[in-house]
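With mmCIF, C-alpha atoms inside, this is structure-v1.cif:
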```
data_entry
#
loop_
_atom_site.label_atom_id
_atom_site.label_comp_id
_atom_site.auth_asym_id
_atom_site.auth_seq_id
_atom_site.Cartn_x
_atom_site.Cartn_y
_atom_site.Cartn_z
CA MET I 1 110.62 72.66 150.52
CA PHE I 2 111.00 76.30 151.57
CA PRO I 3 113.67 78.09 153.67
CA TRP I 4 111.32 78.45 156.63
CA SER I 5 110.78 74.66 156.84
CA PRO I 6 112.73 72.97 159.68
CA GLU I 7 114.06 70.33 157.30
CA PHE I 8 115.36 72.86 154.78
CA ASN I 9 119.07 72.87 153.98
CA TRP I 10 120.89 75.49 151.98
CA ASP I 11 122.73 73.56 149.30
CA THR I 12 123.91 74.33 145.78
CA ALA I 13 120.63 73.28 144.14
CA HIS I 14 118.56 75.44 146.48
CA LEU I 15 120.86 78.41 146.03
CA LEU I 16 120.56 78.18 142.25
CA PHE I 17 116.77 77.73 142.37
CA PHE I 18 116.04 80.60 144.73
CA GLY I 19 118.62 82.80 143.04
CA ALA I 20 116.84 82.33 139.72
CA LEU I 21 113.40 82.80 141.31
CA TYR I 22 114.25 86.03 143.08
CA GLY I 23 116.09 87.24 139.99
CA VAL I 24 112.92 86.81 137.92
CA LEU I 25 110.80 88.54 140.59
CA ALA I 26 113.26 91.44 140.78
CA THR I 27 113.24 91.80 136.97
CA MET I 28 109.42 91.87 136.92
CA ALA I 29 109.31 94.45 139.71
CA LEU I 30 111.85 96.61 137.87
CA ALA I 31 109.88 96.38 134.61
CA LEU I 32 106.61 97.33 136.32
CA GLY I 33 108.29 100.19 138.16
CA THR I 34 109.88 101.47 134.94
CA ALA I 35 106.54 101.29 133.09
CA ALA I 36 104.81 103.21 135.89
CA TRP I 37 107.56 105.85 135.90
CA ARG I 38 107.33 106.27 132.12
CA ALA I 39 103.53 106.58 132.27
CA CYS I 40 103.81 109.30 134.92
CA ARG I 41 106.53 111.08 132.94
CA ASP I 42 104.48 110.97 129.71
CA ALA I 43 101.45 112.33 131.53
CA ARG I 44 103.51 115.18 133.03
CA GLU I 45 105.03 116.03 129.65
CA GLY I 46 101.65 116.00 127.91
CA ARG I 47 102.42 113.05 125.65
CA THR I 48 99.26 111.09 126.47
CA ALA I 49 97.47 112.17 123.29
CA ALA I 50 100.48 111.32 121.13
CA LEU I 51 100.70 107.83 122.59
CA ALA I 52 96.96 107.30 122.10
CA TRP I 53 97.20 108.47 118.48
CA HIS I 54 100.03 106.03 117.68
CA ALA I 55 97.88 103.19 119.02
CA ALA I 56 94.89 104.39 116.98
CA PHE I 57 97.02 104.76 113.84
CA GLU I 58 97.90 101.06 113.99
CA ASP I 59 94.17 100.28 113.75
CA LEU I 60 93.64 102.30 110.58
CA PRO I 61 93.13 100.26 107.39
CA ARG I 62 96.05 100.33 104.98
CA ALA I 63 93.92 102.19 102.43
CA ALA I 64 93.73 105.12 104.86
CA ARG I 65 97.49 105.26 105.42
CA ALA I 66 98.75 106.43 102.02
CA CYS I 67 101.95 108.45 102.24
CA ARG I 68 101.51 112.10 101.26
CA HIS I 69 104.07 111.53 98.52
CA GLN I 70 101.93 108.74 97.11
CA LEU I 71 99.00 111.19 96.95
CA SER I 72 101.10 113.67 94.98
CA GLY I 73 102.42 110.98 92.63
CA GLU I 74 106.01 111.29 93.81
CA ALA I 75 106.14 107.82 95.39
CA PRO I 76 103.48 105.46 93.96
CA GLY I 77 102.57 102.60 96.28
CA ARG I 78 104.21 104.14 99.35
CA PHE I 79 102.33 103.89 102.65
CA CYS I 80 102.98 105.84 105.84
CA GLU I 81 104.49 103.97 108.77
CA ASN I 82 105.16 107.08 110.84
CA ALA I 83 101.66 107.95 112.12
CA PHE I 84 101.40 110.83 109.60
CA ASP I 85 104.09 112.75 111.51
CA CYS I 86 106.37 113.95 108.71
CA ARG I 87 108.34 116.12 111.12
CA SER I 88 110.59 113.20 112.06
CA CYS I 89 110.54 111.35 108.72
CA SER I 90 113.83 111.48 106.81
CA GLU I 91 112.11 110.27 103.63
CA HIS I 92 109.76 113.25 103.71
CA GLN I 93 112.73 115.58 103.96
CA ARG I 94 114.29 113.91 100.92
CA PHE I 95 111.10 114.11 98.85
CA ASP I 96 110.57 117.70 99.95
CA ARG I 97 114.02 118.71 98.77
CA LEU I 98 113.40 117.05 95.40
CA ARG I 99 110.05 118.80 95.08
CA HIS I 100 111.46 122.24 95.81
CA SER I 101 114.26 121.60 93.35
CA LYS I 102 111.76 120.77 90.60
CA GLN I 103 109.58 123.75 91.48
CA ALA I 104 112.58 126.03 91.23
CA GLN I 105 113.24 124.72 87.72
CA ARG I 106 109.67 125.27 86.56
CA ALA I 107 107.60 127.76 88.48
CA LYS I 108 104.08 126.35 88.53
CA PRO I 109 101.27 127.85 90.58
CA ASP I 110 99.13 125.71 92.83
CA PRO I 111 95.93 124.47 91.20
CA GLU I 112 92.62 126.06 91.96
CA SER I 113 90.47 124.40 94.59
CA GLY I 114 87.35 124.26 92.44
CA GLY I 115 85.83 121.24 90.72
CA LEU I 116 85.94 118.97 93.79
CA GLY I 117 82.30 119.12 94.80
CA PHE I 118 83.24 120.67 98.15
CA GLU I 119 85.25 123.66 99.36
CA LEU I 120 89.02 123.40 99.75
CA PRO I 121 90.50 126.89 100.33
CA LEU I 122 94.22 126.84 99.63
CA ASP I 123 95.07 129.54 102.20
CA ARG I 124 95.43 126.93 104.94
CA PHE I 125 97.03 123.62 105.87
CA TYR I 126 95.03 120.40 106.10
CA HIS I 127 95.19 117.54 108.58
CA ARG I 128 94.16 114.14 107.25
CA GLY I 129 91.50 113.92 109.92
CA HIS I 130 89.68 116.77 108.09
CA THR I 131 90.66 119.67 110.29
CA TRP I 132 92.69 122.66 109.10
CA ALA I 133 95.13 125.23 110.45
CA ARG I 134 95.49 128.77 109.10
CA PRO I 135 98.29 131.05 110.33
CA GLU I 136 97.07 134.54 111.27
CA ARG I 137 98.92 137.86 111.10
CA ASP I 138 99.21 138.14 114.89
CA GLY I 139 101.12 134.84 115.11
CA SER I 140 98.16 132.80 116.28
CA VAL I 141 96.58 129.95 114.33
CA SER I 142 92.92 129.40 113.47
CA VAL I 143 91.76 125.78 113.63
CA GLY I 144 88.52 124.45 112.18
CA LEU I 145 86.72 121.63 110.39
CA ASP I 146 87.06 121.33 106.63
CA ASP I 147 84.07 121.10 104.31
CA VAL I 148 84.11 117.30 104.22
CA ALA I 149 83.96 117.11 108.01
CA ARG I 150 81.17 119.71 108.11
CA ARG I 151 79.08 117.71 105.63
CA LEU I 152 79.77 114.41 107.37
CA ILE I 153 78.60 115.95 110.64
CA GLY I 154 75.79 118.08 109.23
CA THR I 155 73.97 119.94 111.99
CA PRO I 156 75.52 118.45 115.13
CA GLU I 157 73.44 117.73 118.20
CA ARG I 158 76.40 118.83 120.28
CA ILE I 159 79.91 120.10 119.63
CA GLU I 160 82.42 120.61 122.42
CA ALA I 161 85.42 122.90 122.09
CA PRO I 162 88.30 123.00 124.57
CA ALA I 163 88.25 125.87 127.05
CA PRO I 164 90.73 128.75 126.75
CA GLY I 165 94.03 127.72 128.30
CA THR I 166 93.70 124.10 127.17
CA ARG I 167 96.86 122.66 125.67
CA LEU I 168 96.36 121.00 122.25
CA GLU I 169 98.64 118.33 120.83
CA VAL I 170 98.96 117.27 117.21
CA ASN I 171 96.61 114.29 116.70
CA GLY I 172 95.05 114.90 120.10
CA THR I 173 91.44 116.01 120.53
CA ALA I 174 90.46 119.40 119.08
CA PHE I 175 86.66 118.98 119.08
CA ARG I 176 84.14 116.42 120.32
CA VAL I 177 80.96 116.09 118.28
CA ARG I 178 77.66 114.23 118.53
CA SER I 179 75.93 113.86 115.16
CA HIS I 180 72.83 111.76 114.42
CA GLY I 181 73.39 109.80 117.63
CA ASN I 182 77.06 109.10 116.90
CA GLU I 183 79.96 110.40 118.98
CA VAL I 184 83.25 111.34 117.34
CA ARG I 185 86.31 113.45 118.11
CA LEU I 186 88.24 115.51 115.59
CA LEU I 187 92.01 115.65 115.76
CA SER I 188 94.08 118.77 116.30
CA PRO I 189 96.31 119.74 113.37
CA VAL I 190 98.74 121.72 115.55
CA ASP I 191 100.35 121.99 118.98
CA GLY I 192 99.42 125.04 121.01
CA THR I 193 97.26 126.63 123.68
CA VAL I 194 93.62 127.54 123.02
CA VAL I 195 93.05 131.28 123.23
CA SER I 196 89.37 131.45 122.25
CA ALA I 197 86.57 129.77 120.33
CA ARG I 198 84.05 131.42 118.03
CA GLY I 199 81.19 130.40 115.77
CA GLU I 200 78.75 127.60 116.32
CA GLY I 201 77.96 124.10 115.09
CA ALA I 202 80.32 122.61 112.54
CA SER I 203 81.55 126.14 111.70
CA LEU I 204 83.13 126.52 115.15
CA THR I 205 86.77 127.59 115.01
CA LEU I 206 89.52 127.87 117.61
CA ARG I 207 92.19 130.53 117.92
CA VAL I 208 95.39 128.83 119.11
CA ASP I 209 98.70 130.22 120.31
CA PRO I 210 101.44 127.90 118.96
CA GLY I 211 103.90 129.26 121.53
CA GLY I 212 106.60 129.90 118.96
CA LEU I 213 107.33 128.91 115.39
CA LEU I 214 104.42 127.01 113.83
CA ASP I 215 105.48 123.59 112.50
CA VAL I 216 103.29 122.46 109.58
CA ARG I 217 105.59 119.86 108.01
CA HIS I 218 103.04 117.13 108.77
CA LEU I 219 100.13 119.00 107.14
CA LEU I 220 99.02 119.16 103.49
CA SER I 221 98.73 122.24 101.32
CA GLY I 222 98.47 123.31 97.68
CA ALA I 223 98.64 120.56 95.06
CA GLU I 224 99.18 117.94 97.75
CA ALA I 225 95.99 118.95 99.55
CA ARG I 226 94.01 118.82 96.32
CA ALA I 227 95.32 115.33 95.49
CA TRP I 228 94.39 114.17 98.98
CA ALA I 229 90.91 115.73 98.70
CA LEU I 230 90.26 113.93 95.41
CA ARG I 231 91.30 110.65 97.02
CA GLU I 232 88.97 111.32 99.96
CA LEU I 233 86.09 111.89 97.56
CA GLU I 234 86.90 108.56 95.89
CA ARG I 235 86.89 106.87 99.29
CA LEU I 236 83.44 108.28 99.98
CA GLN I 237 82.16 107.07 96.64
CA GLY I 238 83.71 103.62 97.04
CA ALA I 239 82.61 103.09 100.63
CA PHE I 240 78.93 103.16 99.72
CA ALA I 241 78.88 101.88 96.14
CA PRO I 242 76.73 100.89 94.40
CA ALA I 243 74.30 103.08 96.36
CA GLY I 244 76.43 106.16 95.66
CA ARG I 245 73.55 108.54 96.25
CA ALA I 246 73.80 107.76 99.98
CA SER I 247 76.76 110.09 100.23
CA LEU I 248 76.66 112.11 97.02
CA ALA I 249 74.10 114.38 95.45
CA ASP I 250 73.42 114.63 91.72
CA GLY I 251 76.47 115.87 89.88
CA GLY I 252 78.90 114.13 92.25
CA GLU I 253 78.79 116.77 94.99
CA LEU I 254 78.56 115.87 98.65
CA VAL I 255 75.16 116.36 100.24
CA ASP I 256 75.03 119.00 102.96
CA ASP I 257 74.29 116.48 105.73
CA VAL I 258 75.52 112.97 104.98
CA GLY I 259 74.14 111.55 108.23
CA ALA I 260 70.61 112.66 107.35
CA VAL I 261 70.49 110.35 104.32
CA MET I 262 72.40 107.40 105.73
CA PRO I 263 71.62 104.65 108.27
CA ARG I 264 73.11 105.39 111.67
CA ALA I 265 75.46 102.38 111.68
CA LYS I 266 76.87 103.29 108.26
CA HIS I 267 77.22 106.91 109.30
CA ASP I 268 79.10 105.86 112.43
CA ALA I 269 81.49 103.71 110.38
CA LEU I 270 82.02 106.51 107.86
CA LEU I 271 82.78 109.07 110.56
CA GLY I 272 85.37 106.76 112.05
CA GLU I 273 86.98 106.03 108.70
CA MET I 274 87.11 109.56 107.35
CA LEU I 275 87.96 111.37 110.59
CA LEU I 276 90.68 108.85 111.56
CA GLU I 277 88.79 107.48 114.54
CA PRO I 278 89.06 103.68 114.03
#
```
Before anything else, please render the file you have as structure tokens.
Amino acid sequence: MFPWSPEFNWDTAHLLFFGALYGVLATMALALGTAAWRACRDAREGRTAALAWHAAFEDLPRAARACRHQLSGEAPGRFCENAFDCRSCSEHQRFDRLRHSKQAQRAKPDPESGGLGFELPLDRFYHRGHTWARPERDGSVSVGLDDVARRLIGTPERIEAPAPGTRLEVNGTAFRVRSHGNEVRLLSPVDGTVVSARGEGASLTLRVDPGGLLDVRHLLSGAEARAWALRELERLQGAFAPAGRASLADGGELVDDVGAVMPRAKHDALLGEMLLEP
């Protein structure tokens, strides 16, 4: 019986019932309103890409989530639970301090980048989605695709770069590519505003203004980058074993265009796995 019914009487039982009912409805309305406000706030503050990346990170297989300190041998068996964002990871800070302490005790140069079967210049910082960032003398940052990404993509049917003035976010979209009928996006290694784009195909690079001090704590370089690159090569070999020649040429080197020698479905899966697009 409802309050608008002629026979309705306000008694203790009805007061408790309707009090609880309207309390639940008010709580739901508040929760929905708060969620809508947060969504609008995140959109205004440019956090949409970051939120999308955290959701995508949860879908990555555990094998693709090795901590950078596992790759370097400093923490065997450790997996990342922080969406590869070392900037807010206290454990990374601890490992980094230990590493610098050891390096100060024994000065050891970074290893050469040769012997991998693909190029890995050590003058830049690498994102695990196979993009790189290289600081320039004028304070800007060049952003491009590493050699693994270029070979995975081959000669793209289409590659889209953000227009000048576009704001990039770490783990947001830097490039959109169509290769052998498959669509994929490549993740930005840095925050900043696009100044220009140059080059063509998979050699396209962006010039980005970081708007201040460039933060590369979440990116790989030197010995760490080499260890990661070796692991990526192992992932390529393992993903298509025993038919290893599908992704590798004689001598263990990557073919120039992986998609040209691989079925489309397998190529699509490989792009998603290697470029962190689950």
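Minimum distance to I:Glu277 across I:Glu224, I:Glu183, I:Glu91, I:Asp257 (counting only C-alpha atoms) occurs at I:Glu183.
Straight-line separation from atom CA of I:Phe84 to atom CA of I:His218: 6.6 Å.
Of the residues under consideration (I:Asp146, I:Glu81, I:Glu200, I:Glu74), I:Glu81 shows the shortest atom-to-atom contact distance to I:His54 when counting all atoms listed in the file.
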Quiz item: Taking the file as shown, what set of residues would the PyMOL selection byres ((chain I and resi 263) around 12) give back, as a PyMOL selection string?
Solution: chain I and resi 180-182+240+246-247+258-262+264-270
Give me, as an mmCIF file with C-alpha atoms, in the frame of the given file, all polymer residues having an atom no more than 12 Å from I:Arg158, counting all atoms listed in the file and skipping those fewer than 4 positions away in the same chain.
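After the write, result-v4.cif holds the following:
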```
data_model
loop_
_atom_site.group_PDB
_atom_site.id
_atom_site.type_symbol
_atom_site.label_atom_id
_atom_site.label_comp_id
_atom_site.auth_asym_id
_atom_site.auth_seq_id
_atom_site.Cartn_x
_atom_site.Cartn_y
_atom_site.Cartn_z
ATOM 1 C CA ILE I 153 78.600 115.950 110.640
ATOM 2 C CA GLY I 154 75.790 118.080 109.230
ATOM 3 C CA PHE I 175 86.660 118.980 119.080
ATOM 4 C CA ARG I 176 84.140 116.420 120.320
ATOM 5 C CA VAL I 177 80.960 116.090 118.280
ATOM 6 C CA ARG I 178 77.660 114.230 118.530
ATOM 7 C CA SER I 179 75.930 113.860 115.160
ATOM 8 C CA HIS I 180 72.830 111.760 114.420
ATOM 9 C CA GLY I 181 73.390 109.800 117.630
ATOM 10 C CA ASN I 182 77.060 109.100 116.900
ATOM 11 C CA GLU I 183 79.960 110.400 118.980
ATOM 12 C CA VAL I 184 83.250 111.340 117.340
ATOM 13 C CA ARG I 185 86.310 113.450 118.110
ATOM 14 C CA GLU I 200 78.750 127.600 116.320
ATOM 15 C CA GLY I 201 77.960 124.100 115.090
ATOM 16 C CA ALA I 202 80.320 122.610 112.540
ATOM 17 C CA LEU I 204 83.130 126.520 115.150
#
```
Practice problem: Determine the residue set returned by the PyMOL selection byres ((chain I and resi 136-145) around 6) for the present structure, and present it as a PyMOL selection string. | Solution: chain I and resi 131-135+146+149+205-209
Quiz item: With distances taken over only C-alpha atoms, which of I:Leu220, I:Leu187, I:Ala83, I:Leu122 is nearest to I:Glu58?
Solution: I:Ala83
Practice problem: Figure out the distance between atom CA of I:Ala49 and atom CA of I:Phe79, please, to one decimal in Å. | Solution: 22.8 Å
With the PyMOL selection byres ((chain I and resi 228) around 10) as the selection, what would be picked from this file? Answer as a PDB file with C-alpha atoms, keeping the file's coordinate frame, please.
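Produced file selection.pdb, reproduced below:
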```pdb
ATOM      1  CA  ALA I  66      98.750 106.430 102.020  1.00  0.00           C
ATOM      2  CA  ARG I  68     101.510 112.100 101.260  1.00  0.00           C
ATOM      3  CA  GLN I  70     101.930 108.740  97.110  1.00  0.00           C
ATOM      4  CA  LEU I  71      99.000 111.190  96.950  1.00  0.00           C
ATOM      5  CA  SER I  72     101.100 113.670  94.980  1.00  0.00           C
ATOM      6  CA  TYR I 126      95.030 120.400 106.100  1.00  0.00           C
ATOM      7  CA  ARG I 128      94.160 114.140 107.250  1.00  0.00           C
ATOM      8  CA  LEU I 220      99.020 119.160 103.490  1.00  0.00           C
ATOM      9  CA  SER I 221      98.730 122.240 101.320  1.00  0.00           C
ATOM     10  CA  ALA I 223      98.640 120.560  95.060  1.00  0.00           C
ATOM     11  CA  GLU I 224      99.180 117.940  97.750  1.00  0.00           C
ATOM     12  CA  ALA I 225      95.990 118.950  99.550  1.00  0.00           C
ATOM     13  CA  ARG I 226      94.010 118.820  96.320  1.00  0.00           C
ATOM     14  CA  ALA I 227      95.320 115.330  95.490  1.00  0.00           C
ATOM     15  CA  ALA I 229      90.910 115.730  98.700  1.00  0.00           C
ATOM     16  CA  LEU I 230      90.260 113.930  95.410  1.00  0.00           C
ATOM     17  CA  ARG I 231      91.300 110.650  97.020  1.00  0.00           C
ATOM     18  CA  GLU I 232      88.970 111.320  99.960  1.00  0.00           C
ATOM     19  CA  LEU I 233      86.090 111.890  97.560  1.00  0.00           C
ATOM     20  CA  GLU I 234      86.900 108.560  95.890  1.00  0.00           C
TER      21      GLU I 234
END
```
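Between atom CA of I:Asp96 and atom CA of I:Leu51 there is a distance of 26.6 Å.
Of the residues under consideration (I:Tyr22, I:Asp215, I:Asp123, I:Ala163), I:Asp215 shows the shortest atom-to-atom contact distance to I:Ser88 when counting all atoms listed in the file.
Distance check against I:Val170 using all atoms listed in the file: of I:Asp191, I:Glu119, I:Asp256, I:Asp59, the minimum falls on I:Asp191.
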Quiz item: Of the candidates I:Arg167, I:His92, I:His69, I:Arg97, which one gets nearest to I:Val194 if we count all atoms listed in the file?
Solution: I:Arg167
Using only the atoms of stretch 145-164 of chain I listed in the file, plus 5 Å on each side, state the axis-aligned box centre and edge lengths in Å rounded to one decimal, as JSON.
```
{"center_x": 82.1, "center_y": 121.6, "center_z": 115.6, "size_x": 27.3, "size_y": 24.3, "size_z": 32.8}
```
